[in-house]
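What follows is the content of upload-v1.txt (compact mmCIF, C-alpha atoms and all ligand atoms).
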```
# COMPACT_ATOMS: atom_id res chain seq x y z
CA MET A 276 9.57 -14.83 268.54
CA SER A 277 11.32 -11.99 266.79
CA ASN A 278 14.36 -14.09 265.91
CA TRP A 279 12.24 -17.05 264.72
CA LYS A 280 12.26 -17.99 261.07
CA ARG A 281 8.89 -17.67 259.34
CA VAL A 282 7.16 -20.21 257.12
CA LEU A 283 4.07 -19.40 255.11
CA LEU A 284 2.29 -22.76 254.90
CA ILE A 285 -0.19 -23.18 252.06
CA ILE A 286 -2.59 -26.04 252.69
CA THR A 287 -4.47 -27.24 249.65
CA GLY A 288 -7.25 -29.80 249.36
CA GLY A 289 -6.04 -33.31 249.93
CA ILE A 290 -6.63 -35.91 252.62
CA ALA A 291 -3.04 -35.33 253.79
CA ALA A 292 -4.11 -31.85 254.93
CA TYR A 293 -4.67 -33.29 258.39
CA LYS A 294 -0.90 -33.84 258.64
CA SER A 295 -0.42 -30.07 258.46
CA LEU A 296 -1.45 -29.90 262.11
CA GLU A 297 1.48 -32.07 263.15
CA LEU A 298 3.73 -30.13 260.79
CA ILE A 299 2.80 -26.80 262.38
CA ARG A 300 3.34 -28.13 265.89
CA ASP A 301 6.76 -29.59 265.07
CA LEU A 302 7.93 -26.44 263.28
CA GLN A 303 6.86 -24.25 266.21
CA ARG A 304 8.84 -26.53 268.55
CA ARG A 305 11.88 -25.71 266.50
CA LYS A 306 11.28 -21.98 266.79
CA ILE A 307 9.87 -21.69 263.29
CA ALA A 308 6.76 -19.54 263.16
CA VAL A 309 3.99 -20.73 260.84
CA ARG A 310 1.29 -18.63 259.20
CA CYS A 311 -1.31 -20.51 257.15
CA ILE A 312 -3.13 -19.96 253.90
CA LEU A 313 -5.96 -22.47 253.53
CA THR A 314 -7.63 -23.03 250.16
CA ARG A 315 -11.34 -23.60 249.81
CA ALA A 316 -10.76 -27.31 249.11
CA GLY A 317 -8.23 -27.50 251.96
CA ALA A 318 -10.92 -26.31 254.34
CA GLU A 319 -12.90 -29.45 253.51
CA PHE A 320 -10.19 -31.49 255.22
CA VAL A 321 -8.93 -29.33 258.06
CA THR A 322 -10.63 -26.50 259.92
CA PRO A 323 -9.32 -22.94 260.04
CA MET A 324 -9.92 -22.99 263.77
CA ALA A 325 -7.57 -25.93 264.36
CA LEU A 326 -4.87 -24.27 262.22
CA ALA A 327 -5.29 -20.94 264.00
CA ALA A 328 -5.11 -22.60 267.41
CA LEU A 329 -1.87 -24.41 266.58
CA SER A 330 -0.17 -21.64 264.62
CA GLY A 331 -1.26 -18.96 267.09
CA ASP A 332 -2.07 -16.75 264.12
CA LYS A 333 -4.94 -15.81 261.84
CA VAL A 334 -5.58 -18.23 258.97
CA TYR A 335 -5.83 -16.55 255.57
CA GLN A 336 -8.41 -17.96 253.16
CA ASP A 337 -9.95 -15.43 250.87
CA ILE A 338 -8.26 -13.07 248.45
CA PHE A 339 -11.34 -10.84 248.33
CA SER A 340 -11.79 -10.57 252.06
CA LEU A 341 -11.70 -6.89 252.87
CA THR A 342 -10.48 -7.50 256.39
CA ASP A 343 -7.70 -9.85 255.26
CA GLU A 344 -6.62 -7.51 252.46
CA SER A 345 -6.49 -4.54 254.79
CA GLU A 346 -4.61 -6.53 257.42
CA MET A 347 -2.31 -8.46 255.15
CA GLY A 348 -2.69 -9.04 251.43
CA HIS A 349 -0.98 -11.66 249.31
CA ILE A 350 2.08 -9.44 248.80
CA GLU A 351 2.55 -8.85 252.53
CA LEU A 352 1.98 -12.53 253.32
CA SER A 353 4.83 -13.44 251.00
CA ARG A 354 7.03 -10.55 252.06
CA ASP A 355 6.71 -11.52 255.67
CA ALA A 356 7.85 -15.13 255.10
CA ASP A 357 11.35 -16.59 254.83
CA LEU A 358 10.08 -19.69 253.06
CA ILE A 359 6.82 -20.76 251.42
CA VAL A 360 5.80 -24.38 251.90
CA VAL A 361 2.89 -25.95 250.02
CA ALA A 362 1.83 -29.08 251.94
CA PRO A 363 -0.10 -30.90 250.80
CA ALA A 364 0.38 -29.74 247.23
CA THR A 365 -2.39 -31.18 245.05
CA ALA A 366 -2.08 -31.87 241.32
CA ASN A 367 -4.33 -28.85 240.87
CA ILE A 368 -2.12 -26.30 242.67
CA ILE A 369 0.96 -27.77 240.94
CA ALA A 370 -0.71 -27.25 237.55
CA LYS A 371 -1.72 -23.71 238.50
CA MET A 372 1.80 -22.90 239.63
CA ARG A 373 3.21 -24.17 236.38
CA ALA A 374 0.69 -22.20 234.30
CA GLY A 375 0.80 -19.04 236.40
CA ILE A 376 -2.90 -19.14 237.20
CA ALA A 377 -3.86 -16.80 240.03
CA ASP A 378 -7.50 -17.37 240.92
CA ASP A 379 -7.42 -17.58 244.70
CA LEU A 380 -5.25 -16.40 247.58
CA ALA A 381 -2.91 -19.43 247.50
CA SER A 382 -2.18 -19.33 243.77
CA THR A 383 -1.95 -15.54 243.70
CA THR A 384 0.56 -15.55 246.55
CA LEU A 385 2.61 -18.23 244.79
CA LEU A 386 2.63 -16.22 241.57
CA ALA A 387 3.57 -13.01 243.33
CA THR A 388 6.31 -14.33 245.59
CA GLY A 389 10.05 -14.01 245.16
CA LYS A 390 10.69 -16.20 248.21
CA PRO A 391 11.97 -19.79 248.03
CA VAL A 392 9.14 -22.27 247.58
CA VAL A 393 9.03 -25.91 248.67
CA ILE A 394 6.18 -28.25 247.75
CA ALA A 395 5.15 -31.59 249.28
CA PRO A 396 2.96 -33.22 246.61
CA ALA A 397 0.09 -35.45 247.70
CA MET A 398 -2.27 -37.14 245.28
CA ASN A 399 -3.54 -40.41 243.86
CA VAL A 400 -0.85 -42.50 242.15
CA ARG A 401 -2.43 -42.11 238.69
CA MET A 402 -2.61 -38.37 239.06
CA TRP A 403 1.03 -38.32 240.14
CA GLU A 404 2.13 -40.52 237.27
CA HIS A 405 0.07 -38.64 234.69
CA ALA A 406 2.23 -37.04 232.01
CA ALA A 407 0.70 -33.64 232.76
CA THR A 408 1.70 -33.75 236.42
CA GLN A 409 5.17 -35.09 235.66
CA GLU A 410 5.69 -32.36 233.08
CA ASN A 411 4.47 -29.72 235.53
CA ILE A 412 6.80 -31.01 238.22
CA GLY A 413 9.73 -30.93 235.81
CA VAL A 414 9.03 -27.31 234.91
CA LEU A 415 8.67 -26.28 238.57
CA LYS A 416 11.95 -27.99 239.43
CA ASP A 417 13.68 -26.16 236.60
CA ARG A 418 12.34 -22.93 238.05
CA GLY A 419 14.10 -23.72 241.33
CA ILE A 420 11.14 -24.98 243.33
CA SER A 421 12.12 -27.74 245.74
CA LEU A 422 10.23 -30.98 246.20
CA ILE A 423 9.82 -33.06 249.34
CA GLY A 424 8.44 -36.49 248.52
CA PRO A 425 6.03 -37.82 247.53
CA ASN A 426 6.43 -41.29 249.00
CA GLU A 427 5.25 -44.66 247.86
CA GLY A 428 2.60 -46.39 249.96
CA ASP A 429 -1.04 -47.16 250.62
CA MET A 430 -3.39 -44.39 249.63
CA ALA A 431 -6.64 -43.17 251.07
CA CYS A 432 -8.31 -44.28 247.81
CA ASN A 433 -7.27 -47.91 248.45
CA GLU A 434 -4.58 -47.89 245.82
CA PHE A 435 -0.85 -48.32 246.27
CA GLY A 436 1.95 -46.31 244.72
CA MET A 437 3.71 -42.98 244.57
CA GLY A 438 1.75 -39.99 245.76
CA ARG A 439 1.60 -40.12 249.54
CA MET A 440 2.71 -36.87 251.11
CA ALA A 441 6.09 -37.03 252.84
CA GLU A 442 5.81 -37.45 256.60
CA PRO A 443 5.74 -34.23 258.63
CA SER A 444 9.04 -35.24 260.33
CA LYS A 445 10.71 -35.39 256.92
CA ILE A 446 9.27 -32.03 255.89
CA VAL A 447 10.44 -30.51 259.18
CA GLU A 448 13.92 -31.93 258.64
CA GLU A 449 14.11 -30.43 255.15
CA ILE A 450 12.85 -27.05 256.31
CA THR A 451 15.22 -26.93 259.24
CA THR A 452 18.12 -27.94 257.04
CA PHE A 453 17.15 -25.20 254.61
CA PHE A 454 17.27 -22.61 257.35
CA SER A 455 20.30 -23.81 259.19
CA VAL A 456 22.90 -24.98 256.74
CA ARG A 457 22.37 -23.20 253.48
CA ALA A 458 25.96 -22.62 252.31
CA GLY A 459 26.90 -18.98 252.34
CA ASP A 460 23.69 -17.98 254.15
CA THR A 461 24.55 -15.10 256.43
CA THR A 462 21.27 -14.76 258.28
CA PRO A 463 21.38 -15.55 262.00
CA ARG A 464 21.16 -19.25 262.67
CA LEU A 465 17.80 -20.71 263.36
CA GLY A 466 17.30 -21.08 267.11
CA ALA A 467 20.89 -20.00 267.71
CA ARG A 468 20.03 -18.71 271.14
CA ASN A 469 17.21 -21.01 272.07
CA GLY A 470 18.11 -24.36 270.49
CA VAL A 471 18.59 -27.70 272.16
CA LEU A 472 22.37 -27.23 272.28
CA SER A 473 22.34 -23.75 273.76
CA GLY A 474 24.76 -23.51 276.66
CA ARG A 475 27.03 -26.15 275.06
CA ARG A 476 30.40 -25.38 273.52
CA ALA A 477 31.56 -27.28 270.45
CA VAL A 478 34.92 -27.39 268.67
CA VAL A 479 34.97 -28.83 265.15
CA THR A 480 38.02 -29.45 262.95
CA SER A 481 37.55 -29.42 259.19
CA GLY A 482 39.42 -29.50 255.91
CA PRO A 483 42.89 -30.74 255.06
CA THR A 484 46.13 -29.51 256.54
CA HIS A 485 49.02 -28.15 254.51
CA GLU A 486 52.43 -29.32 255.63
CA ALA A 487 55.24 -27.10 254.39
CA VAL A 488 57.95 -28.69 252.29
CA ASP A 489 59.61 -25.30 251.92
CA PRO A 490 58.15 -21.76 251.87
CA VAL A 491 56.34 -22.37 248.53
CA ARG A 492 55.43 -26.06 248.52
CA TYR A 493 53.33 -28.25 250.76
CA LEU A 494 51.96 -31.75 251.29
CA ALA A 495 48.15 -31.97 251.37
CA ASN A 496 45.15 -34.20 250.64
CA HIS A 497 41.82 -33.99 248.78
CA SER A 498 39.58 -33.03 251.71
CA SER A 499 37.21 -30.18 250.76
CA GLY A 500 36.11 -29.38 254.31
CA ARG A 501 32.48 -29.51 253.24
CA GLN A 502 31.43 -32.15 255.76
CA GLY A 503 33.20 -30.55 258.72
CA HIS A 504 31.85 -27.11 257.86
CA ALA A 505 28.32 -28.54 257.55
CA ILE A 506 28.62 -30.12 260.99
CA ALA A 507 29.76 -26.84 262.52
CA ALA A 508 26.84 -25.01 260.86
CA ALA A 509 24.37 -27.61 262.11
CA LEU A 510 25.69 -27.50 265.71
CA ALA A 511 25.42 -23.72 265.68
CA SER A 512 21.90 -23.95 264.27
CA LEU A 513 20.92 -25.98 267.33
CA GLY A 514 22.33 -23.29 269.57
CA ALA A 515 25.85 -24.55 270.42
CA GLU A 516 28.61 -21.97 270.75
CA THR A 517 30.66 -23.37 267.89
CA ILE A 518 34.32 -22.90 267.03
CA LEU A 519 35.47 -24.24 263.69
CA VAL A 520 39.19 -24.86 263.39
CA ALA A 521 39.57 -24.95 259.64
CA GLY A 522 42.47 -26.03 257.49
CA PRO A 523 42.84 -24.37 254.07
CA THR A 524 39.51 -24.80 252.22
CA GLN A 525 37.30 -23.00 249.69
CA GLN A 526 34.23 -23.35 251.93
CA PRO A 527 32.45 -20.17 253.04
CA ASP A 528 32.57 -19.54 256.79
CA PRO A 529 29.31 -20.91 258.21
CA ALA A 530 27.23 -18.14 259.79
CA GLY A 531 26.98 -18.12 263.55
CA VAL A 532 30.29 -20.00 263.87
CA THR A 533 33.66 -18.62 265.06
CA VAL A 534 36.25 -19.71 262.52
CA LYS A 535 39.95 -20.13 263.36
CA ASN A 536 41.98 -20.63 260.20
CA VAL A 537 45.09 -22.77 260.35
CA GLN A 538 47.49 -24.33 257.86
CA SER A 539 49.32 -27.23 259.45
CA ALA A 540 48.46 -30.04 261.86
CA VAL A 541 50.65 -28.46 264.55
CA GLU A 542 48.72 -25.19 264.21
CA MET A 543 45.41 -27.09 264.24
CA MET A 544 46.40 -28.86 267.44
CA ALA A 545 47.37 -25.58 269.13
CA ALA A 546 44.15 -23.87 267.99
CA CYS A 547 42.03 -26.74 269.33
CA GLN A 548 43.82 -26.76 272.67
CA ALA A 549 43.30 -23.01 272.98
CA GLU A 550 39.53 -23.54 272.59
CA LEU A 551 39.22 -26.20 275.31
CA PRO A 552 37.43 -26.97 277.55
CA ALA A 553 34.42 -27.81 275.42
CA ASP A 554 31.42 -30.10 275.73
CA ILE A 555 31.68 -31.48 272.23
CA VAL A 556 34.71 -32.01 269.97
CA ILE A 557 34.26 -33.26 266.43
CA CYS A 558 37.45 -34.05 264.54
CA ALA A 559 36.31 -34.05 260.93
CA ALA A 560 39.56 -32.69 259.49
CA ALA A 561 41.71 -34.86 257.28
CA VAL A 562 44.86 -34.10 259.22
CA ALA A 563 48.12 -35.04 257.50
CA ASP A 564 49.75 -37.88 259.34
CA TRP A 565 53.22 -36.59 258.66
CA ARG A 566 55.02 -33.29 258.23
CA VAL A 567 58.37 -32.53 256.73
CA ALA A 568 61.02 -32.43 259.44
CA ASN A 569 62.83 -29.09 259.50
CA PRO A 570 61.51 -27.51 256.27
CA PRO A 571 64.14 -25.09 254.95
CA GLN A 572 63.70 -21.30 255.19
CA ASP A 573 64.31 -20.90 251.46
CA LYS A 574 62.83 -22.62 248.44
CA ILE A 575 64.52 -25.88 247.56
CA LYS A 576 66.27 -25.32 244.23
CA LYS A 577 66.37 -27.76 241.37
CA GLU A 578 70.03 -27.41 240.41
CA ARG A 579 70.66 -27.54 236.67
CA GLY A 580 73.91 -27.37 234.83
CA LYS A 581 74.57 -26.22 231.29
CA ASN A 582 72.00 -27.44 228.68
CA GLY A 583 69.50 -28.08 231.48
CA ASN A 584 71.27 -31.25 232.57
CA LYS A 585 70.53 -32.37 236.05
CA THR A 586 73.40 -31.83 238.46
CA SER A 587 71.72 -32.80 241.75
CA ALA A 588 69.61 -35.73 242.88
CA PRO A 589 65.96 -34.97 243.83
CA PRO A 590 65.71 -33.92 247.48
CA VAL A 591 64.84 -36.60 250.02
CA LEU A 592 62.08 -35.47 252.36
CA GLN A 593 62.52 -36.58 255.93
CA LEU A 594 59.03 -36.92 257.48
CA GLU A 595 58.02 -36.91 261.10
CA GLU A 596 54.70 -37.77 262.69
CA ASN A 597 52.13 -35.08 263.38
CA PRO A 598 50.40 -34.83 266.75
CA ASP A 599 47.10 -36.77 266.81
CA ILE A 600 44.52 -34.18 267.80
CA LEU A 601 41.64 -36.63 268.16
CA ALA A 602 43.61 -39.08 270.32
CA SER A 603 45.07 -36.38 272.53
CA ILE A 604 41.66 -34.78 273.25
CA SER A 605 39.99 -38.19 273.72
CA THR A 606 42.52 -39.18 276.36
CA LEU A 607 42.58 -35.93 278.33
CA LYS A 608 42.80 -36.71 282.03
CA THR A 609 41.06 -33.53 283.12
CA GLU A 610 38.19 -31.68 281.53
CA ARG A 611 37.71 -34.25 278.79
CA PRO A 612 34.80 -33.15 276.58
CA ALA A 613 31.54 -35.01 277.28
CA LEU A 614 31.55 -36.25 273.69
CA VAL A 615 34.48 -36.68 271.31
CA VAL A 616 33.72 -37.78 267.75
CA GLY A 617 36.27 -38.80 265.15
CA PHE A 618 36.01 -39.57 261.47
CA ALA A 619 37.47 -42.53 259.65
CA ALA A 620 38.06 -42.12 255.96
CA GLU A 621 38.75 -45.61 254.69
CA THR A 622 39.15 -47.24 251.31
CA ASN A 623 38.56 -50.85 252.40
CA SER A 624 37.05 -52.81 255.32
CA VAL A 625 35.47 -49.52 256.37
CA ILE A 626 33.57 -50.74 259.43
CA GLU A 627 36.31 -52.97 260.88
CA HIS A 628 38.95 -50.29 260.55
CA ALA A 629 36.64 -47.68 262.01
CA LYS A 630 35.73 -49.88 264.97
CA SER A 631 39.36 -50.43 265.88
CA LYS A 632 40.06 -46.72 265.34
CA ARG A 633 37.40 -45.82 267.91
CA ILE A 634 39.17 -47.98 270.47
CA SER A 635 42.73 -46.95 269.59
CA LYS A 636 41.94 -43.22 269.59
CA GLY A 637 39.76 -43.40 272.70
CA CYS A 638 36.93 -41.34 271.18
CA ASP A 639 33.24 -41.95 271.83
CA TRP A 640 31.93 -42.18 268.29
CA ILE A 641 33.50 -42.69 264.92
CA VAL A 642 31.79 -41.57 261.74
CA ALA A 643 33.13 -43.88 259.05
CA ASN A 644 32.99 -43.19 255.34
CA ASP A 645 34.31 -44.83 252.23
CA VAL A 646 36.58 -42.48 250.34
CA SER A 647 37.87 -44.92 247.76
CA PRO A 648 38.13 -43.53 244.23
CA GLY A 649 34.76 -43.66 242.49
CA THR A 650 32.68 -42.93 245.61
CA GLY A 651 32.95 -39.19 244.96
CA THR A 652 33.09 -38.54 248.70
CA PHE A 653 36.07 -36.19 248.63
CA GLY A 654 34.78 -32.85 247.42
CA GLY A 655 31.37 -34.30 246.48
CA ASP A 656 27.90 -33.23 247.63
CA HIS A 657 26.93 -36.50 249.22
CA ASN A 658 28.32 -38.95 251.69
CA THR A 659 27.39 -42.40 252.98
CA VAL A 660 28.39 -42.83 256.59
CA HIS A 661 28.22 -45.37 259.39
CA VAL A 662 28.09 -44.06 262.94
CA ILE A 663 29.91 -46.34 265.33
CA ASP A 664 29.54 -46.00 269.08
CA GLY A 665 29.94 -48.32 272.07
CA ASP A 666 26.60 -49.96 271.22
CA GLY A 667 27.27 -50.83 267.61
CA VAL A 668 27.00 -49.55 264.07
CA GLU A 669 24.29 -47.35 262.58
CA ASP A 670 24.23 -47.33 258.77
CA TRP A 671 22.92 -44.05 257.40
CA PRO A 672 21.54 -43.80 253.87
CA VAL A 673 23.31 -41.65 251.30
CA MET A 674 22.60 -38.02 252.14
CA SER A 675 23.90 -34.58 251.35
CA LYS A 676 26.78 -33.56 253.59
CA GLU A 677 24.55 -30.80 254.98
CA LYS A 678 21.94 -33.33 256.03
CA ILE A 679 24.53 -35.57 257.60
CA GLY A 680 25.76 -32.58 259.59
CA PHE A 681 22.25 -31.83 260.73
CA ARG A 682 21.44 -35.41 261.65
CA LEU A 683 24.71 -35.76 263.54
CA ALA A 684 24.00 -32.56 265.46
CA GLU A 685 20.57 -33.92 266.37
CA ARG A 686 22.11 -37.19 267.55
CA ILE A 687 24.64 -35.27 269.63
CA ALA A 688 21.89 -33.16 271.21
CA GLN A 689 19.94 -36.30 272.13
CA TYR A 690 23.04 -37.96 273.56
CA LEU A 691 23.94 -34.99 275.72
CA GLU A 692 20.36 -34.61 276.93
CA THR A 693 20.44 -38.24 278.05
CA PHE A 694 23.97 -38.62 279.35
CA SER A 695 25.24 -35.29 280.61
O1 LIG B 1 44.29 -41.97 262.02
P1 LIG B 1 43.36 -41.39 261.04
O2 LIG B 1 43.90 -40.19 260.32
O3 LIG B 1 42.74 -42.36 260.12
O4 LIG B 1 42.16 -40.90 261.97
C1 LIG B 1 41.14 -40.10 261.49
C2 LIG B 1 40.55 -39.31 262.62
O5 LIG B 1 41.56 -38.79 263.45
C3 LIG B 1 39.80 -38.08 262.11
O6 LIG B 1 38.78 -37.81 263.05
C4 LIG B 1 40.88 -37.01 262.14
O7 LIG B 1 40.32 -35.73 262.24
C5 LIG B 1 41.64 -37.39 263.38
N1 LIG B 1 43.06 -37.05 263.32
C6 LIG B 1 43.55 -36.06 264.13
N2 LIG B 1 44.89 -35.77 264.13
C7 LIG B 1 45.74 -36.44 263.33
C8 LIG B 1 45.26 -37.46 262.49
C9 LIG B 1 43.92 -37.73 262.50
O8 LIG B 1 42.76 -35.42 264.85
N3 LIG B 1 47.02 -36.15 263.35
```

As a first step, turn the structure in this file into structure tokens.
Amino acid sequence: MSNWKRVLLIITGGIAAYKSLELIRDLQRRKIAVRCILTRAGAEFVTPMALAALSGDKVYQDIFSLTDESEMGHIELSRDADLIVVAPATANIIAKMRAGIADDLASTTLLATGKPVVIAPAMNVRMWEHAATQENIGVLKDRGISLIGPNEGDMACNEFGMGRMAEPSKIVEEITTFFSVRAGDTTPRLGARNGVLSGRRAVVTSGPTHEAVDPVRYLANHSSGRQGHAIAAALASLGAETILVAGPTQQPDPAGVTVKNVQSAVEMMAACQAELPADIVICAAAVADWRVANPPQDKIKKERGKNGNKTSAPPVLQLEENPDILASISTLKTERPALVVGFAAETNSVIEHAKSKRISKGCDWIVANDVSPGTGTFGGDHNTVHVIDGDGVEDWPVMSKEKIGFRLAERIAQYLETFS
């Protein structure tokens, strides 16, 4: 367990506390160790014994317990964690966090910690909607505390509205995403050796390509590489040996991923071929369709005569087609990867074009997205995609590119578990 990530789970007093048992079990399955702090009110809803049995660790309850303090005080509990999760987070603990009240082990730990904190609020709809709670939440958000939920739905108190705690599966997804695809994070990937994709090799293309016009100019496109890089990070987080063939981008190299930097489509093709065979190939790069035929060795000059008058016509660029990396890997006769996934960036009739692209390229899945101006997809934080396979179309809600990468990696892991 030494390479496991560590969550300090603070369980406060709400009916949703029973869901913490499922949360602990699901986090442990993903190689995330959980240590619990249980408040006095929390213990009215869930027993320390059940939490200890599932977490495989002591449950910390009392700030004045001599044994607890000598074993591990509030400072050590925080120091030992990578992330602090408060679930359920009652209106009371939220108010205490905002005010800096430290009157029990949970609130003292939260006041003393420098670690990232995530809260999953759970309370009656009126308490949630109360100006005090909303103000408290706003302040906590401004301080960098992340929120998961709450959701709208039926409540234990027979009312309906906002305030239900997010489902454990959603909390697990957020926590895993936090650990696995935080941009620029250089810690070892969560489960990198033990994950569901361990033993699998993945090649991912990402970013634009630059096609030389001459030694100083190039043809390019608006791709930021963010989606492709997020996919590579997510595959690595699930344990795949991941090679990212990256065109020129500003994205940080995802940790746990081997990055091969290239400029042009021809270089990208060669780099991909050199990394085969692989189990999974994801072509997320926005490869230029054409390159300039025979770019000159020297810079093309703009000839000017006296007084700056033009003396030569603008150069005519002769283009030739680039190799299609996705199609060539999809149609390999020998050692074809078990799963080849392409992307379709479309500006109209997204699904129809993507469906026919899946057939014409010969890949297994196409991830289609709308990149028309105004969607903010190119270079933006979020994406709305449709995953098209032989069975049909799956419409995914708008999500951060990191989450899409994670969800795609999960889908890939499930597919490979079932089919290969
Ligand atoms: O044909 P189009 O560029 O729309 O296809 C997009 C898909 O094909 C993407 O997955 C992209 O990475 C891949 N592609 C490629 N090589 C090319 C052109 C596109 O791998 N030369």

Please identify every residue of chain A that has at least one atom no farther than 6 Å from an atom of ligand LIG 1 (chain B), counting all atoms listed in the file, and for each give the shortest atom pair and the distance in Å to one decimal, arranged by chain then increasing number, as a Markdown table.
```
| residue | atom | partner | partner_atom | distance |
| --- | --- | --- | --- | --- |
| A:Cys558 | CA | B:LIG1 | O7 | 4.0 |
| A:Ala559 | CA | B:LIG1 | O7 | 4.5 |
| A:Ala560 | CA | B:LIG1 | O7 | 4.2 |
| A:Ala561 | CA | B:LIG1 | O7 | 5.2 |
| A:Val562 | CA | B:LIG1 | C8 | 4.7 |
| A:Asp564 | CA | B:LIG1 | N3 | 5.2 |
| A:Asn597 | CA | B:LIG1 | N3 | 5.2 |
| A:Pro598 | CA | B:LIG1 | N3 | 5.0 |
| A:Asp599 | CA | B:LIG1 | N3 | 3.5 |
| A:Ile600 | CA | B:LIG1 | O8 | 3.7 |
| A:Leu601 | CA | B:LIG1 | O8 | 3.7 |
| A:Gly617 | CA | B:LIG1 | O6 | 3.4 |
| A:Phe618 | CA | B:LIG1 | O6 | 3.6 |
| A:Ala619 | CA | B:LIG1 | C1 | 4.8 |
```

May I have the selected residues written with C-alpha atoms, as a JSON list (two decimals), keeping the file's coordinate frame?
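See out-v8.json below for the written result:
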```json
[["chain", "number", "residue", "atom", "x", "y", "z"],
["A", 558, "CYS", "CA", 37.45, -34.05, 264.54],
["A", 559, "ALA", "CA", 36.31, -34.05, 260.93],
["A", 560, "ALA", "CA", 39.56, -32.69, 259.49],
["A", 561, "ALA", "CA", 41.71, -34.86, 257.28],
["A", 562, "VAL", "CA", 44.86, -34.10, 259.22],
["A", 564, "ASP", "CA", 49.75, -37.88, 259.34],
["A", 597, "ASN", "CA", 52.13, -35.08, 263.38],
["A", 598, "PRO", "CA", 50.40, -34.83, 266.75],
["A", 599, "ASP", "CA", 47.10, -36.77, 266.81],
["A", 600, "ILE", "CA", 44.52, -34.18, 267.80],
["A", 601, "LEU", "CA", 41.64, -36.63, 268.16],
["A", 617, "GLY", "CA", 36.27, -38.80, 265.15],
["A", 618, "PHE", "CA", 36.01, -39.57, 261.47],
["A", 619, "ALA", "CA", 37.47, -42.53, 259.65]]
```

Within 9 Å of A:Glu442, counting only C-alpha atoms, which residues qualify if same-chain residues fewer than 5 places away don't, as a PDB file with C-alpha atoms, keeping the file's coordinate frame?
```
ATOM      1  CA  LYS A 294      -0.900 -33.840 258.640  1.00  0.00           C
ATOM      2  CA  LEU A 298       3.730 -30.130 260.790  1.00  0.00           C
ATOM      3  CA  GLY A 424       8.440 -36.490 248.520  1.00  0.00           C
ATOM      4  CA  ASN A 426       6.430 -41.290 249.000  1.00  0.00           C
ATOM      5  CA  VAL A 447      10.440 -30.510 259.180  1.00  0.00           C
TER       6      VAL A 447
END
```

Nearest residue to A:Asn623 out of A:Ser353, A:Asn411, A:Gln593, A:Asn644, using only C-alpha atoms?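 Using only C-alpha atoms, A:Asn623 sits closest to A:Asn644.
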
At a cut-off of 9 Å from (36.6, -29.5, 272.5) in the coordinates of the file, what residues are picked up using all atoms listed in the file, written as a list of chain:residue names?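 Output: A:Arg476, A:Ala477, A:Val478, A:Val479, A:Ile518, A:Cys547, A:Gln548, A:Glu550, A:Leu551, A:Pro552, A:Ala553, A:Asp554, A:Ile555, A:Val556, A:Ile557, A:Ile604, A:Arg611, A:Pro612, A:Ala613, A:Leu614, A:Val615.
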
Give me the residues near stretch 365-371 of chain A as JSON, numbers by chain, where near means some atom within 12 Å (using all atoms listed in the file) and where sequence neighbours in that chain fewer than 4 positions away do not count. {"A": [285, 286, 287, 288, 289, 290, 291, 292, 314, 315, 316, 317, 361, 375, 376, 377, 378, 379, 380, 381, 382, 383, 384, 385, 386, 392, 393, 394, 395, 396, 397, 398, 399, 400, 401, 402, 403, 404, 405, 406, 407, 408, 409, 410, 411, 412, 413, 414, 415, 416, 420, 422, 425, 438, 439, 440]}

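Residues in contact with stretch 481-494 of chain A at up to 7 Å, not including ones fewer than 4 positions away on its chain and judged by all atoms listed in the file, are Ser498, Ser499, Gly500, Gly503, His504, Val520, Ala521, Gly522, Pro523, Thr524, Gln538, Ser539, Ala540, Ala559, Ala560, Ala561, Val562, Ala563, Arg566, Val567, Pro570, Pro571, Gln572, Asp573, Lys574 and Ile575 of chain A.
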
Give me the residues near A:His657 as a ChimeraX atom specification, where near means some atom within 12 Å (using only C-alpha atoms) and where sequence neighbours in that chain fewer than 6 positions away do not count. /A:501-502,505,644-646,650-651,671-680

Contacts of A:Ile307 at 7 Å or less, counting all atoms listed in the file, minus same-chain residues fewer than 6 places along, as a PDB file with C-alpha atoms, in the frame of the given file?
```pdb
ATOM      1  CA  TRP A 279      12.240 -17.050 264.720  1.00  0.00           C
ATOM      2  CA  LYS A 280      12.260 -17.990 261.070  1.00  0.00           C
ATOM      3  CA  ARG A 281       8.890 -17.670 259.340  1.00  0.00           C
ATOM      4  CA  VAL A 282       7.160 -20.210 257.120  1.00  0.00           C
TER       5      VAL A 282
END
```

Which distance in Å separates atom CA of A:Ser647 and atom CA of A:Ser624, to one decimal?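 Calculated distance between atom CA of A:Ser647 and atom CA of A:Ser624 is 11.0 Å.
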
By how many Å are atom CA of A:Asn496 and atom CA of A:Ile663 apart?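 A separation of 24.4 Å between them.
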
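Take atom CA of A:Ser603 and atom CA of A:Arg686: the distance between them is 23.5 Å.
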
Closest to A:Ser330 among A:Asn582, A:Ser295, A:Thr388, A:Ser473, using only C-alpha atoms?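 Of A:Asn582, A:Ser295, A:Thr388, A:Ser473, the one nearest A:Ser330, counting only C-alpha atoms, is A:Ser295.
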